[in-house]
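K.L.:
Sharing my_file_5.txt below, compact mmCIF, C-alpha atoms:
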# COMPACT_ATOMS: atom_id res chain seq x y z
CA MET T 54 10.71 -55.67 12.29
CA LYS T 55 8.99 -53.70 9.54
CA ILE T 56 5.30 -54.43 8.98
CA LEU T 57 3.19 -53.19 6.05
CA VAL T 58 -0.23 -52.09 7.31
CA THR T 59 -2.80 -51.55 4.57
CA GLY T 60 -5.61 -49.32 5.78
CA GLY T 61 -3.19 -48.01 8.39
CA ALA T 62 -4.84 -44.57 8.45
CA GLY T 63 -8.09 -46.12 9.67
CA TYR T 64 -9.46 -46.55 13.17
CA ILE T 65 -8.06 -50.00 13.96
CA GLY T 66 -5.11 -49.65 11.58
CA SER T 67 -3.75 -46.47 13.17
CA ILE T 68 -4.07 -47.88 16.69
CA THR T 69 -2.42 -51.14 15.62
CA ALA T 70 0.43 -49.06 14.20
CA THR T 71 0.81 -47.42 17.62
CA ALA T 72 0.90 -50.83 19.30
CA LEU T 73 3.53 -52.08 16.85
CA GLU T 74 5.68 -49.02 17.57
CA GLN T 75 5.32 -49.52 21.31
CA TYR T 76 6.73 -53.04 20.94
CA GLY T 77 9.70 -51.98 18.86
CA HIS T 78 8.38 -52.59 15.35
CA THR T 79 8.15 -50.16 12.42
CA PRO T 80 4.76 -49.91 10.69
CA ILE T 81 4.80 -48.96 7.02
CA ILE T 82 1.41 -47.36 6.39
CA MET T 83 -0.38 -47.75 3.06
CA ASP T 84 -3.80 -46.13 2.67
CA SER T 85 -5.83 -44.53 -0.11
CA LEU T 86 -7.37 -42.14 2.44
CA LEU T 87 -10.82 -43.04 1.12
CA SER T 88 -12.04 -42.72 4.69
CA GLY T 89 -9.08 -42.70 7.10
CA PRO T 90 -7.69 -39.23 7.91
CA ARG T 91 -4.17 -38.25 6.90
CA VAL T 92 -3.45 -36.96 10.39
CA PHE T 93 -3.39 -40.56 11.65
CA THR T 94 -0.29 -41.16 9.50
CA ARG T 95 1.69 -38.30 11.05
CA ASN T 96 5.31 -39.12 11.93
CA ARG T 97 5.02 -42.51 10.23
CA ILE T 98 6.31 -43.90 6.95
CA PHE T 99 3.26 -43.41 4.75
CA TYR T 100 2.34 -44.34 1.19
CA ASP T 101 -0.81 -42.81 -0.27
CA GLY T 102 -2.12 -45.33 -2.77
CA ASP T 103 -4.50 -48.13 -3.66
CA ILE T 104 -3.92 -51.81 -2.91
CA VAL T 105 -4.93 -52.69 -6.47
CA ASP T 106 -1.93 -50.78 -7.90
CA ARG T 107 0.70 -53.48 -8.42
CA SER T 108 3.51 -51.09 -9.39
CA PHE T 109 2.82 -49.06 -6.26
CA ILE T 110 3.03 -52.20 -4.09
CA GLN T 111 6.29 -53.12 -5.80
CA LYS T 112 7.70 -49.64 -5.09
CA ILE T 113 6.98 -50.02 -1.37
CA PHE T 114 8.88 -53.31 -1.18
CA GLU T 115 11.74 -51.98 -3.30
CA GLU T 116 12.13 -49.14 -0.80
CA HIS T 117 11.61 -51.43 2.21
CA PRO T 118 12.86 -54.90 1.26
CA ASP T 119 13.07 -55.81 4.96
CA ILE T 120 9.26 -55.81 5.45
CA GLU T 121 8.51 -59.17 7.06
CA CYS T 122 4.72 -59.27 7.21
CA THR T 123 1.63 -57.55 5.79
CA ILE T 124 -1.39 -56.74 7.96
CA HIS T 125 -4.25 -56.27 5.51
CA MET T 126 -6.91 -54.00 7.00
CA ALA T 127 -7.93 -51.90 4.00
CA ALA T 128 -11.65 -52.44 3.43
CA ARG T 129 -15.10 -50.92 3.44
CA ILE T 130 -16.77 -51.89 6.71
CA VAL T 131 -20.36 -50.59 7.10
CA ALA T 132 -22.87 -53.44 6.84
CA PRO T 133 -26.02 -51.34 6.08
CA GLU T 134 -24.09 -49.37 3.45
CA SER T 135 -22.98 -52.63 1.85
CA VAL T 136 -26.64 -53.60 1.34
CA ALA T 137 -27.16 -50.39 -0.65
CA GLU T 138 -23.77 -50.50 -2.42
CA PRO T 139 -22.78 -54.16 -2.89
CA TYR T 140 -20.72 -53.53 -6.03
CA GLU T 141 -18.39 -51.13 -4.23
CA TYR T 142 -17.92 -53.62 -1.39
CA TYR T 143 -17.10 -56.59 -3.63
CA ARG T 144 -14.81 -54.42 -5.78
CA ASP T 145 -12.83 -52.92 -2.92
CA ASN T 146 -12.87 -55.77 -0.40
CA VAL T 147 -12.57 -58.74 -2.74
CA ALA T 148 -11.31 -57.83 -6.22
CA LYS T 149 -8.67 -55.39 -5.01
CA SER T 150 -7.53 -57.67 -2.20
CA LEU T 151 -7.08 -60.51 -4.67
CA GLU T 152 -4.71 -58.34 -6.71
CA LEU T 153 -2.81 -57.39 -3.55
CA PHE T 154 -2.39 -61.01 -2.48
CA ASP T 155 -1.19 -62.09 -5.90
CA GLN T 156 1.33 -59.29 -6.01
CA LEU T 157 2.59 -60.09 -2.51
CA GLY T 158 3.16 -63.68 -3.62
CA ARG T 159 5.02 -62.54 -6.73
CA LEU T 160 7.24 -60.34 -4.59
CA GLY T 161 8.07 -63.20 -2.25
CA GLN T 162 6.10 -61.72 0.64
CA SER T 163 4.41 -64.74 2.12
CA ARG T 164 3.21 -63.64 5.57
CA ILE T 165 -0.29 -62.09 5.69
CA ILE T 166 -2.45 -61.19 8.67
CA PHE T 167 -5.99 -60.59 7.46
CA SER T 168 -8.68 -58.57 9.19
CA SER T 169 -11.87 -60.60 9.09
CA SER T 170 -15.07 -60.23 11.06
CA ALA T 171 -17.35 -62.05 13.49
CA SER T 172 -20.19 -61.09 11.16
CA VAL T 173 -19.40 -64.22 9.12
CA TYR T 174 -20.86 -66.49 11.82
CA ALA T 175 -24.31 -68.04 11.78
CA ALA T 176 -26.56 -67.38 14.75
CA ALA T 177 -25.82 -69.80 17.59
CA LYS T 178 -28.36 -70.77 20.25
CA SER T 179 -25.82 -70.17 23.01
CA PHE T 180 -24.46 -67.06 21.19
CA GLU T 181 -20.92 -68.40 21.73
CA VAL T 182 -19.03 -69.08 18.50
CA PHE T 183 -15.85 -71.04 17.92
CA GLU T 184 -13.55 -70.75 14.93
CA ASP T 185 -15.17 -73.85 13.41
CA SER T 186 -18.77 -72.76 14.11
CA PRO T 187 -21.18 -72.60 11.13
CA LEU T 188 -21.01 -69.52 8.93
CA ASP T 189 -23.93 -67.54 7.53
CA PRO T 190 -22.97 -63.94 6.70
CA GLN T 191 -26.05 -61.74 6.44
CA SER T 192 -24.77 -58.69 4.55
CA PRO T 193 -22.61 -58.07 1.47
CA TYR T 194 -19.93 -56.71 3.80
CA ALA T 195 -19.88 -59.92 5.83
CA ARG T 196 -19.92 -62.03 2.67
CA THR T 197 -16.85 -60.19 1.35
CA LYS T 198 -15.02 -61.27 4.49
CA GLN T 199 -16.06 -64.89 4.05
CA VAL T 200 -15.03 -64.82 0.39
CA MET T 201 -11.62 -63.40 1.26
CA GLU T 202 -11.08 -66.07 3.89
CA MET T 203 -11.78 -68.74 1.26
CA ILE T 204 -9.53 -67.04 -1.28
CA LEU T 205 -6.67 -66.88 1.20
CA ALA T 206 -7.09 -70.54 2.09
CA ASP T 207 -7.01 -71.52 -1.59
CA LEU T 208 -4.03 -69.31 -2.41
CA ALA T 209 -2.11 -70.61 0.59
CA ALA T 210 -2.86 -74.22 -0.32
CA SER T 211 -1.48 -73.78 -3.82
CA GLY T 212 1.38 -71.32 -3.40
CA PRO T 213 3.77 -69.54 -1.06
CA LEU T 214 1.28 -67.39 0.84
CA ARG T 215 0.52 -68.11 4.48
CA ALA T 216 -2.13 -66.33 6.50
CA ILE T 217 -3.41 -65.75 10.00
CA ILE T 218 -7.06 -64.73 9.73
CA LEU T 219 -8.26 -62.67 12.69
CA ARG T 220 -12.02 -62.52 13.17
CA TYR T 221 -12.68 -59.28 15.01
CA PHE T 222 -15.64 -58.92 17.28
CA ASN T 223 -16.76 -55.33 18.12
CA PRO T 224 -13.93 -52.88 18.87
CA ILE T 225 -14.59 -49.85 21.06
CA GLY T 226 -12.47 -47.13 22.62
CA SER T 227 -9.25 -45.45 21.56
CA ASP T 228 -5.53 -45.94 22.02
CA PRO T 229 -4.18 -45.09 25.49
CA TYR T 230 -2.54 -41.91 24.20
CA LEU T 231 -5.69 -40.51 22.54
CA ARG T 232 -3.81 -39.94 19.29
CA SER T 233 -6.34 -41.74 17.11
CA GLY T 234 -9.78 -43.26 17.36
CA VAL T 235 -13.14 -43.31 15.62
CA TYR T 236 -13.04 -40.52 13.05
CA ALA T 237 -16.45 -40.57 11.36
CA ARG T 238 -18.53 -37.47 12.11
CA GLU T 239 -21.51 -39.77 12.62
CA PRO T 240 -20.19 -43.22 13.61
CA SER T 241 -22.28 -46.12 12.36
CA HIS T 242 -21.38 -48.46 15.22
CA VAL T 243 -23.57 -48.84 18.30
CA LEU T 244 -21.38 -47.17 20.92
CA GLY T 245 -20.73 -44.17 18.71
CA GLN T 246 -24.45 -43.70 18.18
CA ILE T 247 -25.13 -44.02 21.92
CA LEU T 248 -22.47 -41.42 22.73
CA MET T 249 -23.91 -38.98 20.21
CA ALA T 250 -27.28 -39.24 21.98
CA ALA T 251 -25.59 -38.93 25.37
CA ARG T 252 -23.77 -35.76 24.25
CA GLY T 253 -26.92 -34.19 22.81
CA GLN T 254 -25.75 -34.52 19.20
CA ARG T 255 -28.92 -36.40 18.33
CA GLU T 256 -32.35 -36.50 19.88
CA ALA T 257 -32.17 -40.14 20.97
CA PHE T 258 -30.34 -43.40 20.38
CA MET T 259 -32.39 -45.80 18.25
CA VAL T 260 -32.40 -49.38 19.52
CA THR T 261 -32.76 -51.12 16.16
CA GLY T 262 -34.38 -54.45 16.93
CA THR T 263 -36.09 -55.38 20.19
CA ASP T 264 -37.41 -58.83 19.28
CA TYR T 265 -34.18 -60.85 19.20
CA PRO T 266 -33.99 -64.09 21.25
CA THR T 267 -31.66 -62.52 23.84
CA ARG T 268 -32.18 -61.88 27.55
CA ASP T 269 -33.71 -58.44 26.90
CA GLY T 270 -34.71 -58.67 23.22
CA THR T 271 -31.90 -56.49 21.88
CA GLY T 272 -28.91 -57.51 19.80
CA LEU T 273 -25.88 -58.99 21.52
CA ARG T 274 -22.23 -58.22 20.79
CA ASP T 275 -18.78 -58.94 22.16
CA TYR T 276 -17.23 -55.49 22.74
CA ILE T 277 -13.44 -55.60 22.75
CA HIS T 278 -11.27 -52.63 23.65
CA VAL T 279 -9.47 -51.61 20.47
CA TRP T 280 -6.13 -51.45 22.31
CA ASP T 281 -6.49 -55.12 23.26
CA LEU T 282 -7.31 -55.84 19.63
CA ALA T 283 -4.23 -53.95 18.46
CA LEU T 284 -2.00 -55.86 20.88
CA ALA T 285 -3.32 -59.14 19.45
CA HIS T 286 -1.88 -58.07 16.09
CA VAL T 287 1.51 -57.53 17.70
CA ARG T 288 1.35 -61.08 19.08
CA ALA T 289 0.29 -62.43 15.68
CA VAL T 290 3.21 -60.69 13.98
CA GLU T 291 5.74 -61.92 16.54
CA ARG T 292 4.38 -65.48 16.66
CA PHE T 293 3.42 -65.83 13.00
CA ASP T 294 5.52 -68.87 12.13
CA GLU T 295 4.85 -70.54 15.48
CA VAL T 296 1.06 -70.14 15.07
CA LEU T 297 1.03 -71.79 11.65
CA GLN T 298 3.46 -74.49 12.69
CA ARG T 299 1.14 -75.32 15.57
CA ALA T 300 -1.87 -75.32 13.24
CA GLY T 301 -0.14 -77.63 10.77
CA GLU T 302 -1.81 -75.66 7.96
CA PRO T 303 -0.84 -72.66 5.82
CA THR T 304 -3.74 -70.66 7.28
CA SER T 305 -5.18 -70.31 10.77
CA ILE T 306 -8.36 -68.55 11.92
CA ILE T 307 -8.44 -66.92 15.37
CA ASN T 308 -11.31 -65.17 17.17
CA LEU T 309 -10.49 -61.87 18.85
CA GLY T 310 -13.03 -60.92 21.50
CA THR T 311 -13.55 -60.86 25.24
CA GLY T 312 -15.38 -64.16 25.57
CA SER T 313 -18.63 -62.62 26.82
CA GLY T 314 -21.70 -61.04 25.26
CA VAL T 315 -23.35 -57.70 26.04
CA THR T 316 -26.80 -56.66 24.83
CA VAL T 317 -27.55 -53.22 23.46
CA ARG T 318 -29.55 -52.31 26.55
CA GLU T 319 -26.70 -53.49 28.79
CA LEU T 320 -24.28 -51.32 26.80
CA ILE T 321 -26.59 -48.35 27.24
CA SER T 322 -26.69 -49.00 31.00
CA THR T 323 -22.89 -49.12 31.10
CA VAL T 324 -22.64 -45.77 29.31
CA GLU T 325 -25.16 -44.29 31.74
CA ARG T 326 -23.19 -45.65 34.70
CA VAL T 327 -19.91 -44.17 33.42
CA LEU T 328 -21.53 -40.83 32.54
CA GLY T 329 -23.72 -40.62 35.60
CA ARG T 330 -26.81 -39.65 33.63
CA ARG T 331 -29.52 -41.14 31.42
CA VAL T 332 -29.20 -41.59 27.66
CA PRO T 333 -32.34 -40.79 25.63
CA VAL T 334 -33.45 -43.98 23.86
CA ARG T 335 -36.13 -44.99 21.37
CA ASP T 336 -36.97 -48.43 20.01
CA ALA T 337 -36.93 -49.01 16.25
CA PRO T 338 -37.18 -51.90 13.75
CA ARG T 339 -34.17 -53.91 12.65
CA ARG T 340 -32.04 -52.49 9.83
CA PRO T 341 -31.12 -54.39 6.63
CA GLY T 342 -28.14 -56.63 7.32
CA ASP T 343 -28.55 -56.59 11.12
CA VAL T 344 -28.09 -59.87 12.99
CA VAL T 345 -28.73 -61.01 16.55
CA GLY T 346 -25.00 -61.25 17.21
CA SER T 347 -22.62 -63.50 19.10
CA PHE T 348 -19.63 -63.56 21.41
CA ALA T 349 -16.26 -65.16 20.91
CA ASN T 350 -14.85 -68.32 22.32
CA VAL T 351 -11.27 -67.10 22.80
CA ASP T 352 -9.52 -70.31 23.85
CA LYS T 353 -7.51 -70.45 20.63
CA ALA T 354 -6.29 -66.85 20.99
CA ARG T 355 -5.12 -67.61 24.52
CA THR T 356 -3.23 -70.76 23.57
CA THR T 357 -1.76 -69.75 20.20
CA LEU T 358 -1.12 -66.03 20.71
CA ASN T 359 -0.70 -66.09 24.50
CA TRP T 360 -3.14 -63.17 24.44
CA SER T 361 -6.29 -62.19 26.29
CA THR T 362 -8.12 -58.93 26.85
CA GLN T 363 -7.01 -56.69 29.71
CA HIS T 364 -9.66 -53.96 29.53
CA SER T 365 -13.27 -53.98 30.73
CA LEU T 366 -16.38 -52.71 28.97
CA GLU T 367 -16.29 -49.67 31.27
CA ASP T 368 -12.67 -49.03 30.22
CA GLY T 369 -13.73 -49.04 26.59
CA VAL T 370 -16.61 -46.64 27.21
CA ARG T 371 -14.38 -44.22 29.16
CA SER T 372 -11.75 -44.39 26.42
CA ALA T 373 -14.38 -43.62 23.78
CA LEU T 374 -15.65 -40.67 25.82
CA ASP T 375 -12.13 -39.32 26.34
CA TRP T 376 -11.45 -39.58 22.62
CA ALA T 377 -14.78 -37.93 21.73
CA ALA T 378 -13.77 -34.91 23.82
CA LYS T 379 -10.52 -34.49 21.83
CA ARG T 380 -11.53 -35.79 18.41
CA ASN T 381 -12.67 -32.56 16.78
CA ASP T 382 -9.48 -30.72 17.74
CA ILE T 383 -7.23 -33.52 16.46
CA LEU T 384 -9.14 -33.97 13.21
CA GLY T 385 -9.91 -30.29 12.64
CA TYR T 386 -13.67 -30.78 12.75
CA GLU T 387 -15.89 -27.89 13.77
Could the structure of this file be written out as structure tokens, please?
P.N.:
Amino acid sequence: MKILVTGGAGYIGSITATALEQYGHTPIIMDSLLSGPRVFTRNRIFYDGDIVDRSFIQKIFEEHPDIECTIHMAARIVAPESVAEPYEYYRDNVAKSLELFDQLGRLGQSRIIFSSSASVYAAAKSFEVFEDSPLDPQSPYARTKQVMEMILADLAASGPLRAIILRYFNPIGSDPYLRSGVYAREPSHVLGQILMAARGQREAFMVTGTDYPTRDGTGLRDYIHVWDLALAHVRAVERFDEVLQRAGEPTSIINLGTGSGVTVRELISTVERVLGRRVPVRDAPRRPGDVVGSFANVDKARTTLNWSTQHSLEDGVRSALDWAAKRNDILGYE
């Protein structure tokens, strides 16, 4: 089937497009290229435009009336940046998405898979969070995700839209073919920063926050291989109606993670084990918007999507290292 992927030139979007292709589907990529590189759209049906442009959205569906589902990934995603630039985050993540959803409804396109985030969860004493765990987003970025979840629930309750909301935990790695991956010259995520220190591209990795109530005082995350994450989208597309029928509601929220937590120091140790050498590290204060973190309870993903992760933390680190060795050539960076 044909699937519209907004933000399909991005890190997760491009790899999800690869997964869709591998399972016989045709991704239709829509991206404004605000951050995602054009090269990730190569050999794919690609529309360069903004999700807020209703006539542009209509043109896509006029040219591809057989699109059966929209995976909405287009968003700004850097939590510390959102603290400094909240207007841009609410404009792009909320206001523009609202226009997209309304236009999809007007065009009779009812199936939406929405990329949400584990950052919406409140801190839990056990660090394990379920889909119905309390929410307490700590950054404008995270709050935009919570707002969009509420908007989707309200729209679905009152009209034709239906939505599967996927709360991502922390993706790492690349696709198995090393055709796309993290593209930022200086990645903001933890593993990217660790690898830059490991490769001598910065003096040391800064452990931001060492006083959290975790087993070693550093933040805790659930690191999921991005290929596993992409395959979950394929399952959600293929089982869309079944998932919502089982839920008995027009929306359903599903955690996507590994089901276990890893601290920053444990991640550093894993990188060192894979590389076979030490990573220079320095301790630093917490950053604005940082949270202690959590890991996913993934029972619902197993039962509703028949999906679970297949790759280890070490697999993700090796994949990220392999991609880092090829990235500059693929993206034309010097």
K.L.:
Per residue of range 281-312 of chain T within 10 Å of range 111-130 of chain T, record the nearest atom pair and its distance in Å to one decimal, counting only C-alpha atoms, with rows in chain order and ascending residue number, as CSV.
P.N.:
residue,atom,partner,partner_atom,distance
T:His286,CA,T:Ile124,CA,8.3
T:Ala289,CA,T:Ile124,CA,9.7
T:Val290,CA,T:Cys122,CA,7.1
T:Glu291,CA,T:Cys122,CA,9.8
T:Phe293,CA,T:Cys122,CA,8.8
K.L.:
Counting only C-alpha atoms, which residues of range 174-285 of chain T sit at most 12 Å from some atom of range 133-145 of chain T, and what is each one's closest atom pair with its distance in Å to one decimal, listed by chain and rising residue number, as a tab-separated table?
P.N.:
residue	atom	partner	partner_atom	distance
T:Gln191	CA	T:Val136	CA	9.6
T:Ser192	CA	T:Val136	CA	6.3
T:Pro193	CA	T:Ser135	CA	5.5
T:Tyr194	CA	T:Ser135	CA	5.5
T:Ala195	CA	T:Ser135	CA	8.9
T:Arg196	CA	T:Tyr143	CA	8.8
T:Thr197	CA	T:Tyr143	CA	6.2
T:Lys198	CA	T:Tyr143	CA	9.6
T:Gln199	CA	T:Tyr143	CA	11.4
T:Val200	CA	T:Tyr143	CA	9.4
T:Met201	CA	T:Tyr143	CA	10.0
T:Ser241	CA	T:Pro133	CA	9.0
T:His242	CA	T:Pro133	CA	10.6
K.L.:
Point out the residue among T:Pro229, T:Pro333, T:Pro338, T:Gly314 with the least atom-to-atom distance to Val182 in chain T, counting all atoms listed in the file.
P.N.:
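Smallest separation from Val182 in chain T among the options: T:Gly314.
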K.L.:
Which distance in Å separates CA of Asn381 in chain T and CA of Asp84 in chain T, to one decimal?
P.N.:
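Calculated distance between CA of Asn381 in chain T and CA of Asp84 in chain T is 21.5 Å.
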K.L.:
List the spatial neighbours of Ile98 in chain T as number ranges by chain - criterion: any atom at most 10 Å away, only C-alpha atoms, same-chain residues fewer than 4 positions off excluded.
P.N.:
T: 57, 79-83, 94
K.L.:
Give me, as a list in words, all polymer residues having an atom no more than 10 Å from Tyr76 in chain T, counting all atoms listed in the file and skipping those fewer than 6 positions away in the same chain.
P.N.:
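Here the answer would be Met54, Leu284, Val287, Arg288 and Glu291 of chain T.
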K.L.:
If I only have part of range 93-125 of chain T, can you fill in N, CA and C atoms and write it as a compact mmCIF listing (two decimals), keeping the file's coordinate frame?
P.N.:
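Saved to result37.txt:
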# COMPACT_ATOMS: atom_id res chain seq x y z
N PHE T 93 -3.73 -39.33 10.95
CA PHE T 93 -3.39 -40.56 11.65
C PHE T 93 -2.08 -41.18 11.13
N THR T 94 -1.55 -40.65 10.05
CA THR T 94 -0.29 -41.16 9.50
C THR T 94 0.90 -40.31 9.91
N ARG T 95 0.64 -39.26 10.69
CA ARG T 95 1.69 -38.30 11.05
C ARG T 95 2.85 -39.00 11.75
N ASN T 96 4.07 -38.60 11.34
CA ASN T 96 5.31 -39.12 11.93
C ASN T 96 5.50 -40.61 11.67
N ARG T 97 4.84 -41.12 10.62
CA ARG T 97 5.02 -42.51 10.23
C ARG T 97 5.39 -42.59 8.75
N ILE T 98 6.04 -43.67 8.37
CA ILE T 98 6.31 -43.90 6.95
C ILE T 98 4.97 -44.17 6.29
N PHE T 99 4.60 -43.34 5.32
CA PHE T 99 3.26 -43.41 4.75
C PHE T 99 3.30 -43.39 3.23
N TYR T 100 2.53 -44.28 2.63
CA TYR T 100 2.34 -44.34 1.19
C TYR T 100 0.87 -44.16 0.88
N ASP T 101 0.57 -43.14 0.12
CA ASP T 101 -0.81 -42.81 -0.27
C ASP T 101 -1.10 -43.50 -1.60
N GLY T 102 -1.85 -44.59 -1.55
CA GLY T 102 -2.12 -45.33 -2.77
C GLY T 102 -3.12 -46.43 -2.56
N ASP T 103 -3.46 -47.12 -3.66
CA ASP T 103 -4.50 -48.13 -3.66
C ASP T 103 -3.88 -49.52 -3.71
N ILE T 104 -4.46 -50.45 -2.96
CA ILE T 104 -3.92 -51.81 -2.91
C ILE T 104 -4.00 -52.54 -4.25
N VAL T 105 -4.81 -52.03 -5.17
CA VAL T 105 -4.93 -52.69 -6.47
C VAL T 105 -3.78 -52.31 -7.41
N ASP T 106 -3.01 -51.30 -7.05
CA ASP T 106 -1.93 -50.78 -7.90
C ASP T 106 -0.67 -51.61 -7.68
N ARG T 107 -0.42 -52.54 -8.59
CA ARG T 107 0.70 -53.48 -8.42
C ARG T 107 2.05 -52.78 -8.44
N SER T 108 2.22 -51.79 -9.32
CA SER T 108 3.51 -51.09 -9.39
C SER T 108 3.76 -50.31 -8.11
N PHE T 109 2.70 -49.80 -7.52
CA PHE T 109 2.82 -49.06 -6.26
C PHE T 109 3.25 -50.00 -5.13
N ILE T 110 2.65 -51.19 -5.09
CA ILE T 110 3.03 -52.20 -4.09
C ILE T 110 4.50 -52.58 -4.28
N GLN T 111 4.90 -52.76 -5.53
CA GLN T 111 6.29 -53.12 -5.80
C GLN T 111 7.24 -52.02 -5.32
N LYS T 112 6.86 -50.77 -5.53
CA LYS T 112 7.70 -49.64 -5.09
C LYS T 112 7.92 -49.68 -3.58
N ILE T 113 6.85 -49.97 -2.83
CA ILE T 113 6.98 -50.02 -1.37
C ILE T 113 8.01 -51.06 -0.96
N PHE T 114 7.95 -52.24 -1.58
CA PHE T 114 8.88 -53.31 -1.18
C PHE T 114 10.28 -53.07 -1.73
N GLU T 115 10.41 -52.35 -2.83
CA GLU T 115 11.74 -51.98 -3.30
C GLU T 115 12.40 -51.01 -2.33
N GLU T 116 11.59 -50.11 -1.74
CA GLU T 116 12.13 -49.14 -0.80
C GLU T 116 12.27 -49.71 0.61
N HIS T 117 11.53 -50.79 0.89
CA HIS T 117 11.61 -51.43 2.21
C HIS T 117 11.66 -52.95 2.03
N PRO T 118 12.76 -53.45 1.52
CA PRO T 118 12.86 -54.90 1.26
C PRO T 118 12.87 -55.74 2.53
N ASP T 119 13.03 -55.08 3.69
CA ASP T 119 13.07 -55.81 4.96
C ASP T 119 11.69 -55.91 5.63
N ILE T 120 10.61 -55.56 4.91
CA ILE T 120 9.26 -55.81 5.45
C ILE T 120 9.09 -57.32 5.62
N GLU T 121 8.60 -57.73 6.78
CA GLU T 121 8.51 -59.17 7.06
C GLU T 121 7.08 -59.70 7.08
N CYS T 122 6.10 -58.81 7.12
CA CYS T 122 4.72 -59.27 7.21
C CYS T 122 3.80 -58.15 6.74
N THR T 123 2.64 -58.52 6.19
CA THR T 123 1.63 -57.55 5.79
C THR T 123 0.37 -57.77 6.62
N ILE T 124 -0.09 -56.72 7.29
CA ILE T 124 -1.39 -56.74 7.96
C ILE T 124 -2.38 -56.06 7.03
N HIS T 125 -3.32 -56.82 6.51
CA HIS T 125 -4.25 -56.27 5.51
C HIS T 125 -5.56 -55.88 6.18
